[in-house]
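Following: one structure in C-alpha cells, then a few remarks.
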Amino acid sequence: MTAYMKPSLAVSEIENVLQKHLGPGAAEITPLTGGNLSNVFSFTLEGKGYIVKFSDLEGAYETEFFVSNLLSSHGIPFPKCLALGKIDRLAYVIMERMDGRNLAECTVDGQIHQLPELIGILTKMENVNVRVTKGYGWIGPDGNGAYTSWKDFVVAVNAEDQKGTFWENWYELFRTSCLEKDVYQEIYNRLTAYIPYNEPHRNFVHGDFHQWNILSDGKRITGIIDGNCMYGDYLVDLAILDRHMPWNDIIKAYQDEQEKANIVIPNFKERLTGAYYFKGLDGLRFYAKMGWTDAYQVTRDFLLNLKQP
C-alpha cells in the first residue's frame with residue numbers, strides 16, 4: 001500500500017467554488033501547510049479571512065458543520081462553517097478563518113506559557129453538553145455517535161474490513177510498510193483490557209488535540225481547528241496533548257487544575273492508559289500509511305514500554 005496522497009485541484013476550480021457560495025471577489029488564494037487528509041487554502045473577501053478545504057473522502061466535512069455549532073455554543077473558539085458542498089470527486093467546506101498561527105510555530109517556552117489556557121479549553125470541551133445525542137465513536141452529521149458502546153467502536157475501527165473508508169485494505173500495511181502485525185496485536189490486546197475503564201465515560205472528544213490544530217497569536221490561544229471528533233472518554237484528548245508536548249508535564253498540570261477545582265477523576269491512571277493505547281494504536285497505522293517511519297518508531301516504543309497502573 002502506497003502512502004496516502006492528498007487530492008489536488010486547479011486554482012480555477014477553487015475560484016468557481018468560492019464564487020458559487022460567496023460571490024465574486026475572493027483574492028489571495030494561498031495553500032496552507034498542515035491538514036493530513038485535506039488540501040487547505042486561505043483567501044480573503046471584502047477584508048475578511050476565510051478557509052476552504054477539499055477532501056476526496058466521502059462526507060468529509062458534514063460532521064465538522066455540526067461540531068462547529070456545538071462547540072461555539074459552549075464558548076469554545078472553533079471556526080464557523082459557512083458552506084458545504086461537492087465538486088466532482090471532492091467534498092469541500094468553507095469556513096471563517098481564525099486569527100493566529102499554529103501553536104507549533106511558537107517556541108517551546110511560548111507553548112508552555114499557554115498551557116494553562118490549553119487545559120482550560122480542554123476542560124470546556126469535556127463539559128460540552130452531549131446529553132441530547134447518543135452513541136459512541138465517530139460523530140455523524142446528525143450529531144450522534146456511530147456505535148452503541150465504546151467497545152463496539154474499538155473493535156470496529158481495528159477490524160480488517162474497512163471498505164469504503166480511508167482504511168480500506170489497511171491489512172496490506174503489514175506487508176508493504178513498517179507496520180508490524182505482532183506489535184499491533186499486542187497493543188490491541190492491551191487496549192481491549194482497558195475498555196472497562198474508558199467505556200462508562202461519554203463526552204465530546206476532539207480526537208486530534210495537538211499544537212498543529214491549535215492556533216495562537218504568540219501569547220494566547222485564538223482557536224481550535226480540525227479534529228477526528230467522537231464521543232468517548234475525554235482523557236483521549238489529554239493523552240494526545242501529552243504525547244505531542246512531551247517537554248512539559250502535561251498530566252501533572254492537568255491534575256493540578258482539576259484539584260484546584262475540587263474535581264475527582266475516578267480511575268484516572270487506568271483511563272489514561274487506555275487512552276494512550278487507543279490513540280497510539282491508531283497513530284501506528286496512520287504513520288505507517290503516511291510513510292512516517294520515525295513517528296511510527298517513537299510511538300511503537302512508547303506503547304510497548306508503557307507502564308501498567
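Labels used: A, B, ... for chains in the order of the C-alpha cells, numbers from 1 for residues in each chain, and numbers from 1 for ligands as shown.
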Would you mind listing, for every residue of segment 110-192 of chain A within 10 Å of segment 44-63 of chain A, the two atoms forming the shortest contact and the distance between them in Å to one decimal, using only C-alpha atoms, sorted by chain and ascending residue number, as CSV?
```
residue,atom,partner,partner_atom,distance
A:Trp138,CA,A:Thr63,CA,8.9
A:Ile139,CA,A:Thr63,CA,6.4
A:Gly140,CA,A:Thr63,CA,5.5
A:Pro141,CA,A:Thr63,CA,4.4
A:Asp142,CA,A:Thr63,CA,7.7
A:Gly143,CA,A:Thr63,CA,7.3
A:Asn144,CA,A:Thr63,CA,9.7
A:Gly164,CA,A:Glu58,CA,8.6
A:Thr165,CA,A:Leu57,CA,7.4
A:Phe166,CA,A:Leu57,CA,7.1
```
At most 10 Å is the cut-off: for each residue in segment 203-284 of chain A with any atom that close to an atom of segment 104-127 of chain A, write down the nearest atom pair and the distance in Å rounded to one decimal, counting only C-alpha atoms, chain first then increasing number, as a Markdown table.
```
| residue | atom | partner | partner_atom | distance |
| --- | --- | --- | --- | --- |
| A:Asn203 | CA | A:Glu126 | CA | 6.0 |
| A:Phe204 | CA | A:Glu126 | CA | 6.1 |
| A:Val205 | CA | A:Met125 | CA | 7.3 |
| A:His206 | CA | A:Met125 | CA | 7.9 |
| A:Phe209 | CA | A:Leu122 | CA | 8.7 |
| A:His210 | CA | A:Ala104 | CA | 8.5 |
| A:Gln211 | CA | A:Ala104 | CA | 5.0 |
| A:Trp212 | CA | A:Ala104 | CA | 5.6 |
| A:Asn213 | CA | A:Ala104 | CA | 8.7 |
| A:Ile214 | CA | A:Ala104 | CA | 8.1 |
| A:Leu215 | CA | A:Ala104 | CA | 8.5 |
| A:Ser216 | CA | A:Cys106 | CA | 8.2 |
| A:Asp217 | CA | A:Cys106 | CA | 9.0 |
| A:Gly218 | CA | A:Cys106 | CA | 6.3 |
| A:Lys219 | CA | A:Gln114 | CA | 6.9 |
| A:Arg220 | CA | A:Gln114 | CA | 6.1 |
| A:Ile221 | CA | A:Glu117 | CA | 6.9 |
| A:Gly223 | CA | A:Ile121 | CA | 9.7 |
| A:Ile224 | CA | A:Ile121 | CA | 9.0 |
| A:Asp233 | CA | A:Glu126 | CA | 8.8 |
| A:Tyr234 | CA | A:Glu126 | CA | 5.8 |
| A:Leu235 | CA | A:Glu126 | CA | 8.7 |
| A:Asp237 | CA | A:Leu122 | CA | 7.6 |
| A:Leu238 | CA | A:Leu122 | CA | 7.7 |
| A:Leu241 | CA | A:Leu118 | CA | 9.3 |
| A:His244 | CA | A:Ala104 | CA | 9.7 |
| A:Met245 | CA | A:Gln111 | CA | 8.6 |
| A:Trp247 | CA | A:Val108 | CA | 8.0 |
| A:Asn248 | CA | A:Ile112 | CA | 7.0 |
| A:Asp249 | CA | A:Ile112 | CA | 9.6 |
| A:Ile250 | CA | A:Leu115 | CA | 8.0 |
| A:Ala253 | CA | A:Pro116 | CA | 7.8 |
| A:Tyr254 | CA | A:Ile119 | CA | 6.4 |
| A:Gln255 | CA | A:Ile119 | CA | 9.9 |
| A:Glu257 | CA | A:Ile119 | CA | 8.0 |
| A:Gln258 | CA | A:Thr123 | CA | 8.9 |
```
**Q.** Pick from A:Ala275, A:Ile225, A:Trp292, A:Leu191, whichever lies nearest to Arg101 of chain A using only C-alpha atoms
**A.**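 The shortest atom-to-atom distance to Arg101 of chain A comes from A:Ile225.
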Q: Enumerate the residues of segment 51-191 of chain A with a DSSP assignment of strand (DSSP E or B), computed from the backbone, and present them as a PyMOL selection string.
A: chain A and resi 51-55+81-87+90-96+101-102+136-139+145-147
Q.
Quick one: residues within 12 Å of segment 298-302 of chain A, only C-alpha atoms, excluding same-chain residues fewer than 4 positions away - as a PyMOL selection string?
A. chain A and resi 178-187+240+243-244+246+273+276-288+292-294+306-307
Go ahead and dump the residues you just picked, N, CA and C atoms, as an mmCIF file, in the first residue's frame.
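Generated output (selection.cif):
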```cif
data_model
loop_
_atom_site.group_PDB
_atom_site.id
_atom_site.type_symbol
_atom_site.label_atom_id
_atom_site.label_comp_id
_atom_site.auth_asym_id
_atom_site.auth_seq_id
_atom_site.Cartn_x
_atom_site.Cartn_y
_atom_site.Cartn_z
ATOM 1 N N CYS A 178 6.093 -0.282 7.443
ATOM 2 C CA CYS A 178 6.779 -0.594 8.696
ATOM 3 C C CYS A 178 5.841 -1.163 9.758
ATOM 4 N N LEU A 179 4.547 -1.229 9.488
ATOM 5 C CA LEU A 179 3.583 -1.717 10.468
ATOM 6 C C LEU A 179 3.812 -3.202 10.754
ATOM 7 N N GLU A 180 4.020 -3.532 12.033
ATOM 8 C CA GLU A 180 4.332 -4.893 12.454
ATOM 9 C C GLU A 180 3.086 -5.548 13.046
ATOM 10 N N LYS A 181 2.678 -6.668 12.495
ATOM 11 C CA LYS A 181 1.432 -7.294 12.919
ATOM 12 C C LYS A 181 1.485 -7.763 14.365
ATOM 13 N N ASP A 182 2.610 -8.335 14.797
ATOM 14 C CA ASP A 182 2.703 -8.813 16.173
ATOM 15 C C ASP A 182 2.653 -7.661 17.167
ATOM 16 N N VAL A 183 3.294 -6.538 16.829
ATOM 17 C CA VAL A 183 3.255 -5.362 17.695
ATOM 18 C C VAL A 183 1.841 -4.798 17.756
ATOM 19 N N TYR A 184 1.218 -4.700 16.598
ATOM 20 C CA TYR A 184 -0.145 -4.182 16.540
ATOM 21 C C TYR A 184 -1.079 -5.036 17.400
ATOM 22 N N GLN A 185 -0.956 -6.346 17.275
ATOM 23 C CA GLN A 185 -1.833 -7.245 18.024
ATOM 24 C C GLN A 185 -1.585 -7.145 19.525
ATOM 25 N N GLU A 186 -0.339 -7.017 19.918
ATOM 26 C CA GLU A 186 -0.001 -6.891 21.335
ATOM 27 C C GLU A 186 -0.648 -5.648 21.936
ATOM 28 N N ILE A 187 -0.525 -4.531 21.242
ATOM 29 C CA ILE A 187 -1.074 -3.289 21.770
ATOM 30 C C ILE A 187 -2.601 -3.322 21.734
ATOM 31 N N ILE A 240 -3.497 12.719 23.879
ATOM 32 C CA ILE A 240 -2.968 13.275 22.629
ATOM 33 C C ILE A 240 -2.081 14.480 22.916
ATOM 34 N N ARG A 243 1.274 13.467 24.484
ATOM 35 C CA ARG A 243 2.210 12.822 23.571
ATOM 36 C C ARG A 243 2.831 13.816 22.583
ATOM 37 N N HIS A 244 2.138 14.918 22.301
ATOM 38 C CA HIS A 244 2.653 15.890 21.345
ATOM 39 C C HIS A 244 3.430 17.032 22.009
ATOM 40 N N PRO A 246 5.783 16.636 24.890
ATOM 41 C CA PRO A 246 6.431 15.824 25.928
ATOM 42 C C PRO A 246 7.438 16.576 26.780
ATOM 43 N N THR A 273 -4.245 5.328 30.611
ATOM 44 C CA THR A 273 -3.513 4.250 29.930
ATOM 45 C C THR A 273 -4.316 3.720 28.755
ATOM 46 N N TYR A 276 -4.049 6.217 25.956
ATOM 47 C CA TYR A 276 -2.768 6.126 25.254
ATOM 48 C C TYR A 276 -2.783 4.979 24.240
ATOM 49 N N TYR A 277 -3.278 3.828 24.662
ATOM 50 C CA TYR A 277 -3.313 2.672 23.764
ATOM 51 C C TYR A 277 -4.253 2.916 22.584
ATOM 52 N N PHE A 278 -5.418 3.496 22.867
ATOM 53 C CA PHE A 278 -6.386 3.728 21.796
ATOM 54 C C PHE A 278 -5.821 4.665 20.738
ATOM 55 N N LYS A 279 -5.335 5.803 21.163
ATOM 56 C CA LYS A 279 -4.853 6.787 20.193
ATOM 57 C C LYS A 279 -3.511 6.370 19.606
ATOM 58 N N GLY A 280 -2.679 5.724 20.408
ATOM 59 C CA GLY A 280 -1.385 5.296 19.911
ATOM 60 C C GLY A 280 -1.497 4.226 18.843
ATOM 61 N N LEU A 281 -2.429 3.294 19.025
ATOM 62 C CA LEU A 281 -2.631 2.252 18.033
ATOM 63 C C LEU A 281 -3.094 2.849 16.714
ATOM 64 N N ASP A 282 -4.003 3.792 16.804
ATOM 65 C CA ASP A 282 -4.457 4.498 15.602
ATOM 66 C C ASP A 282 -3.290 5.231 14.943
ATOM 67 N N GLY A 283 -2.404 5.793 15.773
ATOM 68 C CA GLY A 283 -1.245 6.501 15.255
ATOM 69 C C GLY A 283 -0.288 5.582 14.516
ATOM 70 N N LEU A 284 -0.059 4.387 15.031
ATOM 71 C CA LEU A 284 0.847 3.447 14.366
ATOM 72 C C LEU A 284 0.386 3.159 12.946
ATOM 73 N N ARG A 285 -0.878 2.884 12.811
ATOM 74 C CA ARG A 285 -1.427 2.567 11.491
ATOM 75 C C ARG A 285 -1.336 3.773 10.559
ATOM 76 N N PHE A 286 -1.632 4.947 11.095
ATOM 77 C CA PHE A 286 -1.587 6.162 10.287
ATOM 78 C C PHE A 286 -0.162 6.491 9.846
ATOM 79 N N TYR A 287 0.777 6.443 10.785
ATOM 80 C CA TYR A 287 2.169 6.755 10.442
ATOM 81 C C TYR A 287 2.701 5.790 9.394
ATOM 82 N N ALA A 288 2.317 4.520 9.510
ATOM 83 C CA ALA A 288 2.764 3.525 8.529
ATOM 84 C C ALA A 288 2.214 3.854 7.151
ATOM 85 N N TRP A 292 5.700 7.680 7.605
ATOM 86 C CA TRP A 292 6.423 8.426 8.635
ATOM 87 C C TRP A 292 7.064 7.437 9.610
ATOM 88 N N THR A 293 8.164 6.867 9.206
ATOM 89 C CA THR A 293 8.763 5.780 9.978
ATOM 90 C C THR A 293 9.309 6.246 11.327
ATOM 91 N N ASP A 294 9.825 7.458 11.414
ATOM 92 C CA ASP A 294 10.349 7.944 12.695
ATOM 93 C C ASP A 294 9.232 8.078 13.721
ATOM 94 N N LEU A 306 4.982 1.257 27.909
ATOM 95 C CA LEU A 306 4.055 1.972 28.792
ATOM 96 C C LEU A 306 3.847 1.190 30.081
ATOM 97 N N LYS A 307 4.056 1.846 31.195
ATOM 98 C CA LYS A 307 3.937 1.206 32.499
ATOM 99 C C LYS A 307 2.470 0.987 32.825
#
```
**Q.** Two-atom distance - atom CA of Val40 of chain A, atom CA of Asn158 of chain A (Å)
**A.**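 These atoms are spaced 28.3 Å apart.
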Q.
Using only C-alpha atoms for the distances, tell me which of A:Ala193, A:Leu304, A:Ala159, A:Ile87 is nearest to Val17 of chain A.
A.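 Using only C-alpha atoms, the shortest distance to Val17 of chain A belongs to A:Ile87.
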Q) Looking at A:Tyr296, A:Phe268, A:Tyr92, A:Tyr136, which one is nearest to Gly232 of chain A, with distances taken over only C-alpha atoms? A) A:Tyr136
Q.
Would you compute the distance between atom CA of Ile94 of chain A and atom CA of Leu82 of chain A? Give it in Å to one decimal.
A.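 Taking atom CA of Ile94 of chain A as the start and atom CA of Leu82 of chain A as the end point, the length is 5.5 Å.
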**Q.** Long-range neighbours of Asn267 of chain A as a VMD selection string, 12 Å cut-off, only C-alpha atoms, 2 positions minimum in chain
**A.** chain A and resid 194 196 to 201 233 235 264 to 265 269 to 274 309
Can those selected residues be exported to a file as a compact mmCIF listing (two decimals), in the first residue's frame so that it contains all heavy atoms?
```txt
# COMPACT_ATOMS: atom_id res chain seq x y z
N TYR A 194 -8.36 -2.48 28.79
CA TYR A 194 -8.70 -1.23 29.47
C TYR A 194 -10.06 -0.66 29.07
O TYR A 194 -10.49 0.35 29.61
CB TYR A 194 -7.60 -0.19 29.23
CG TYR A 194 -6.39 -0.44 30.08
CD1 TYR A 194 -5.37 -1.28 29.63
CD2 TYR A 194 -6.26 0.11 31.34
CE1 TYR A 194 -4.26 -1.55 30.41
CE2 TYR A 194 -5.17 -0.14 32.14
CZ TYR A 194 -4.16 -0.97 31.67
OH TYR A 194 -3.08 -1.24 32.47
N PRO A 196 -13.05 -1.56 29.90
CA PRO A 196 -13.99 -1.36 31.03
C PRO A 196 -13.77 -0.06 31.79
O PRO A 196 -14.72 0.46 32.41
CB PRO A 196 -13.73 -2.57 31.92
CG PRO A 196 -13.20 -3.62 30.99
CD PRO A 196 -12.37 -2.87 30.00
N TYR A 197 -12.56 0.48 31.77
CA TYR A 197 -12.30 1.74 32.46
C TYR A 197 -12.77 2.95 31.65
O TYR A 197 -13.26 3.94 32.21
CB TYR A 197 -10.80 1.88 32.77
CG TYR A 197 -10.29 0.85 33.74
CD1 TYR A 197 -9.54 -0.24 33.30
CD2 TYR A 197 -10.56 0.97 35.10
CE1 TYR A 197 -9.06 -1.19 34.19
CE2 TYR A 197 -10.08 0.01 36.00
CZ TYR A 197 -9.35 -1.06 35.54
OH TYR A 197 -8.89 -2.00 36.43
N ASN A 198 -12.60 2.90 30.35
CA ASN A 198 -12.97 4.04 29.50
C ASN A 198 -14.45 4.05 29.13
O ASN A 198 -15.04 5.13 28.95
CB ASN A 198 -12.14 4.03 28.21
CG ASN A 198 -10.66 4.18 28.45
OD1 ASN A 198 -9.89 3.25 28.26
ND2 ASN A 198 -10.24 5.37 28.88
N GLU A 199 -15.05 2.88 29.04
CA GLU A 199 -16.40 2.78 28.47
C GLU A 199 -17.48 3.54 29.24
O GLU A 199 -18.41 4.07 28.62
CB GLU A 199 -16.80 1.31 28.33
CG GLU A 199 -18.07 1.12 27.54
CD GLU A 199 -18.17 -0.27 26.95
OE1 GLU A 199 -17.99 -1.25 27.68
OE2 GLU A 199 -18.41 -0.37 25.74
N PRO A 200 -17.42 3.66 30.57
CA PRO A 200 -18.50 4.36 31.27
C PRO A 200 -18.55 5.86 31.00
O PRO A 200 -19.51 6.52 31.42
CB PRO A 200 -18.19 4.07 32.75
CG PRO A 200 -17.32 2.87 32.75
CD PRO A 200 -16.50 2.99 31.51
N HIS A 201 -17.56 6.39 30.33
CA HIS A 201 -17.44 7.85 30.19
C HIS A 201 -17.72 8.27 28.75
O HIS A 201 -17.05 7.84 27.82
CB HIS A 201 -16.05 8.30 30.63
CG HIS A 201 -15.70 7.79 32.00
ND1 HIS A 201 -16.16 8.40 33.14
CD2 HIS A 201 -14.98 6.71 32.40
CE1 HIS A 201 -15.73 7.73 34.20
NE2 HIS A 201 -15.01 6.70 33.77
N ASP A 233 -14.25 8.76 26.12
CA ASP A 233 -13.61 9.25 27.34
C ASP A 233 -12.77 10.49 27.00
O ASP A 233 -11.87 10.42 26.16
CB ASP A 233 -12.73 8.15 27.94
CG ASP A 233 -12.24 8.48 29.34
OD1 ASP A 233 -12.20 9.68 29.70
OD2 ASP A 233 -11.89 7.53 30.07
N LEU A 235 -10.38 11.76 28.36
CA LEU A 235 -8.94 11.64 28.60
C LEU A 235 -8.18 11.27 27.33
O LEU A 235 -6.96 11.36 27.30
CB LEU A 235 -8.67 10.61 29.70
CG LEU A 235 -9.12 11.03 31.11
CD1 LEU A 235 -8.68 10.01 32.13
CD2 LEU A 235 -8.56 12.41 31.48
N VAL A 264 -12.70 15.29 41.25
CA VAL A 264 -12.08 13.99 41.44
C VAL A 264 -12.35 13.14 40.19
O VAL A 264 -13.50 13.00 39.76
CB VAL A 264 -12.65 13.28 42.68
CG1 VAL A 264 -12.05 11.88 42.81
CG2 VAL A 264 -12.37 14.10 43.93
N ILE A 265 -11.30 12.60 39.59
CA ILE A 265 -11.42 11.81 38.36
C ILE A 265 -11.25 10.34 38.71
O ILE A 265 -10.16 9.90 39.05
CB ILE A 265 -10.38 12.23 37.32
CG1 ILE A 265 -10.49 13.73 37.03
CG2 ILE A 265 -10.56 11.43 36.03
CD1 ILE A 265 -9.44 14.26 36.09
N LYS A 269 -5.60 6.84 36.26
CA LYS A 269 -4.44 6.20 35.64
C LYS A 269 -4.85 5.14 34.64
O LYS A 269 -4.28 5.04 33.55
CB LYS A 269 -3.54 5.60 36.72
CG LYS A 269 -2.82 6.63 37.58
CD LYS A 269 -1.90 5.97 38.59
CE LYS A 269 -1.17 7.00 39.43
NZ LYS A 269 -0.28 6.37 40.46
N GLU A 270 -5.86 4.33 35.01
CA GLU A 270 -6.30 3.28 34.11
C GLU A 270 -6.95 3.86 32.85
O GLU A 270 -6.70 3.37 31.73
CB GLU A 270 -7.30 2.37 34.82
CG GLU A 270 -6.71 1.53 35.93
CD GLU A 270 -6.59 2.28 37.26
OE1 GLU A 270 -6.98 3.47 37.30
OE2 GLU A 270 -6.10 1.69 38.23
N ARG A 271 -7.75 4.89 33.01
CA ARG A 271 -8.40 5.51 31.86
C ARG A 271 -7.38 6.18 30.95
O ARG A 271 -7.50 6.11 29.71
CB ARG A 271 -9.44 6.53 32.33
CG ARG A 271 -10.67 5.89 32.96
CD ARG A 271 -11.51 6.91 33.71
NE ARG A 271 -11.93 8.00 32.84
CZ ARG A 271 -12.51 9.12 33.29
NH1 ARG A 271 -12.71 9.29 34.59
NH2 ARG A 271 -12.88 10.06 32.44
N LEU A 272 -6.38 6.83 31.53
CA LEU A 272 -5.36 7.48 30.72
C LEU A 272 -4.53 6.44 29.96
O LEU A 272 -4.20 6.64 28.79
CB LEU A 272 -4.45 8.34 31.60
CG LEU A 272 -3.39 9.17 30.86
CD1 LEU A 272 -4.03 10.17 29.91
CD2 LEU A 272 -2.48 9.90 31.85
N THR A 273 -4.24 5.33 30.61
CA THR A 273 -3.51 4.25 29.93
C THR A 273 -4.32 3.72 28.75
O THR A 273 -3.78 3.51 27.65
CB THR A 273 -3.20 3.12 30.92
OG1 THR A 273 -2.39 3.63 31.98
CG2 THR A 273 -2.45 1.98 30.22
N GLY A 274 -5.61 3.49 28.95
CA GLY A 274 -6.47 3.06 27.86
C GLY A 274 -6.50 4.07 26.73
O GLY A 274 -6.52 3.70 25.55
N PRO A 309 -0.74 0.58 35.18
CA PRO A 309 -1.09 1.06 36.53
C PRO A 309 -1.15 -0.07 37.54
O PRO A 309 -1.46 -1.20 37.20
CB PRO A 309 -2.48 1.67 36.32
CG PRO A 309 -2.57 1.97 34.87
CD PRO A 309 -1.74 0.91 34.18
```
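Take atom CA of Ser38 of chain A and atom CA of Gly227 of chain A: the distance between them is 11.8 Å.
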Q: From a DSSP calculation on the backbone, collect every residue of segment 152-203 of chain A in helix (DSSP H, G or I) and output the set as a VMD selection string.
A: chain A and resid 152 to 157 170 to 176 181 to 198
Would you put the residues from that selection into a file with N, CA and C atoms, as an mmCIF file, in the first residue's frame?
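In the end it all went to result.cif:
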```
data_model
loop_
_atom_site.group_PDB
_atom_site.id
_atom_site.type_symbol
_atom_site.label_atom_id
_atom_site.label_comp_id
_atom_site.auth_asym_id
_atom_site.auth_seq_id
_atom_site.Cartn_x
_atom_site.Cartn_y
_atom_site.Cartn_z
ATOM 1 N N ASP A 152 -17.696 -1.552 21.086
ATOM 2 C CA ASP A 152 -18.060 -1.762 19.681
ATOM 3 C C ASP A 152 -17.232 -0.864 18.763
ATOM 4 N N PHE A 153 -17.000 0.346 19.203
ATOM 5 C CA PHE A 153 -16.215 1.300 18.422
ATOM 6 C C PHE A 153 -14.776 0.821 18.276
ATOM 7 N N VAL A 154 -14.155 0.430 19.385
ATOM 8 C CA VAL A 154 -12.766 -0.033 19.362
ATOM 9 C C VAL A 154 -12.614 -1.240 18.436
ATOM 10 N N VAL A 155 -13.523 -2.185 18.551
ATOM 11 C CA VAL A 155 -13.465 -3.379 17.705
ATOM 12 C C VAL A 155 -13.623 -3.011 16.236
ATOM 13 N N ALA A 156 -14.568 -2.119 15.950
ATOM 14 C CA ALA A 156 -14.863 -1.763 14.559
ATOM 15 C C ALA A 156 -13.712 -1.036 13.885
ATOM 16 N N VAL A 157 -13.092 -0.093 14.572
ATOM 17 C CA VAL A 157 -12.042 0.697 13.920
ATOM 18 C C VAL A 157 -10.764 -0.107 13.706
ATOM 19 N N TRP A 170 -6.383 -1.917 4.689
ATOM 20 C CA TRP A 170 -5.257 -1.491 5.514
ATOM 21 C C TRP A 170 -4.368 -2.662 5.966
ATOM 22 N N TYR A 171 -4.858 -3.894 5.914
ATOM 23 C CA TYR A 171 -4.015 -5.030 6.281
ATOM 24 C C TYR A 171 -2.800 -5.168 5.356
ATOM 25 N N GLU A 172 -2.870 -4.569 4.180
ATOM 26 C CA GLU A 172 -1.711 -4.580 3.283
ATOM 27 C C GLU A 172 -0.507 -3.885 3.912
ATOM 28 N N LEU A 173 -0.772 -2.983 4.866
ATOM 29 C CA LEU A 173 0.328 -2.270 5.510
ATOM 30 C C LEU A 173 1.266 -3.223 6.247
ATOM 31 N N PHE A 174 0.750 -4.345 6.723
ATOM 32 C CA PHE A 174 1.613 -5.326 7.384
ATOM 33 C C PHE A 174 2.648 -5.891 6.425
ATOM 34 N N ARG A 175 2.325 -5.856 5.145
ATOM 35 C CA ARG A 175 3.228 -6.403 4.130
ATOM 36 C C ARG A 175 4.061 -5.326 3.446
ATOM 37 N N THR A 176 3.510 -4.124 3.312
ATOM 38 C CA THR A 176 4.141 -3.107 2.466
ATOM 39 C C THR A 176 4.743 -1.937 3.235
ATOM 40 N N LYS A 181 2.678 -6.668 12.495
ATOM 41 C CA LYS A 181 1.432 -7.294 12.919
ATOM 42 C C LYS A 181 1.485 -7.763 14.365
ATOM 43 N N ASP A 182 2.610 -8.335 14.797
ATOM 44 C CA ASP A 182 2.703 -8.813 16.173
ATOM 45 C C ASP A 182 2.653 -7.661 17.167
ATOM 46 N N VAL A 183 3.294 -6.538 16.829
ATOM 47 C CA VAL A 183 3.255 -5.362 17.695
ATOM 48 C C VAL A 183 1.841 -4.798 17.756
ATOM 49 N N TYR A 184 1.218 -4.700 16.598
ATOM 50 C CA TYR A 184 -0.145 -4.182 16.540
ATOM 51 C C TYR A 184 -1.079 -5.036 17.400
ATOM 52 N N GLN A 185 -0.956 -6.346 17.275
ATOM 53 C CA GLN A 185 -1.833 -7.245 18.024
ATOM 54 C C GLN A 185 -1.585 -7.145 19.525
ATOM 55 N N GLU A 186 -0.339 -7.017 19.918
ATOM 56 C CA GLU A 186 -0.001 -6.891 21.335
ATOM 57 C C GLU A 186 -0.648 -5.648 21.936
ATOM 58 N N ILE A 187 -0.525 -4.531 21.242
ATOM 59 C CA ILE A 187 -1.074 -3.289 21.770
ATOM 60 C C ILE A 187 -2.601 -3.322 21.734
ATOM 61 N N TYR A 188 -3.159 -3.937 20.712
ATOM 62 C CA TYR A 188 -4.616 -4.071 20.649
ATOM 63 C C TYR A 188 -5.127 -4.902 21.828
ATOM 64 N N ASN A 189 -4.436 -5.969 22.169
ATOM 65 C CA ASN A 189 -4.834 -6.788 23.316
ATOM 66 C C ASN A 189 -4.797 -5.986 24.614
ATOM 67 N N ARG A 190 -3.778 -5.161 24.755
ATOM 68 C CA ARG A 190 -3.700 -4.310 25.944
ATOM 69 C C ARG A 190 -4.845 -3.297 25.952
ATOM 70 N N LEU A 191 -5.132 -2.711 24.786
ATOM 71 C CA LEU A 191 -6.219 -1.743 24.685
ATOM 72 C C LEU A 191 -7.538 -2.353 25.136
ATOM 73 N N THR A 192 -7.854 -3.536 24.659
ATOM 74 C CA THR A 192 -9.136 -4.151 24.997
ATOM 75 C C THR A 192 -9.244 -4.430 26.499
ATOM 76 N N ALA A 193 -8.101 -4.656 27.170
ATOM 77 C CA ALA A 193 -8.120 -4.900 28.608
ATOM 78 C C ALA A 193 -8.542 -3.656 29.390
ATOM 79 N N TYR A 194 -8.363 -2.484 28.788
ATOM 80 C CA TYR A 194 -8.703 -1.230 29.472
ATOM 81 C C TYR A 194 -10.062 -0.665 29.070
ATOM 82 N N ILE A 195 -10.745 -1.328 28.161
ATOM 83 C CA ILE A 195 -12.067 -0.858 27.737
ATOM 84 C C ILE A 195 -13.016 -0.654 28.914
ATOM 85 N N PRO A 196 -13.053 -1.555 29.905
ATOM 86 C CA PRO A 196 -13.986 -1.355 31.025
ATOM 87 C C PRO A 196 -13.771 -0.057 31.795
ATOM 88 N N TYR A 197 -12.558 0.482 31.766
ATOM 89 C CA TYR A 197 -12.296 1.743 32.462
ATOM 90 C C TYR A 197 -12.765 2.951 31.651
ATOM 91 N N ASN A 198 -12.603 2.902 30.346
ATOM 92 C CA ASN A 198 -12.969 4.036 29.500
ATOM 93 C C ASN A 198 -14.448 4.053 29.134
#
```
Q.
Counting only C-alpha atoms, which residue out of A:Glu28, A:Glu13, A:Asp226, A:Glu168 sits closest to Met95 of chain A?
A. A:Asp226
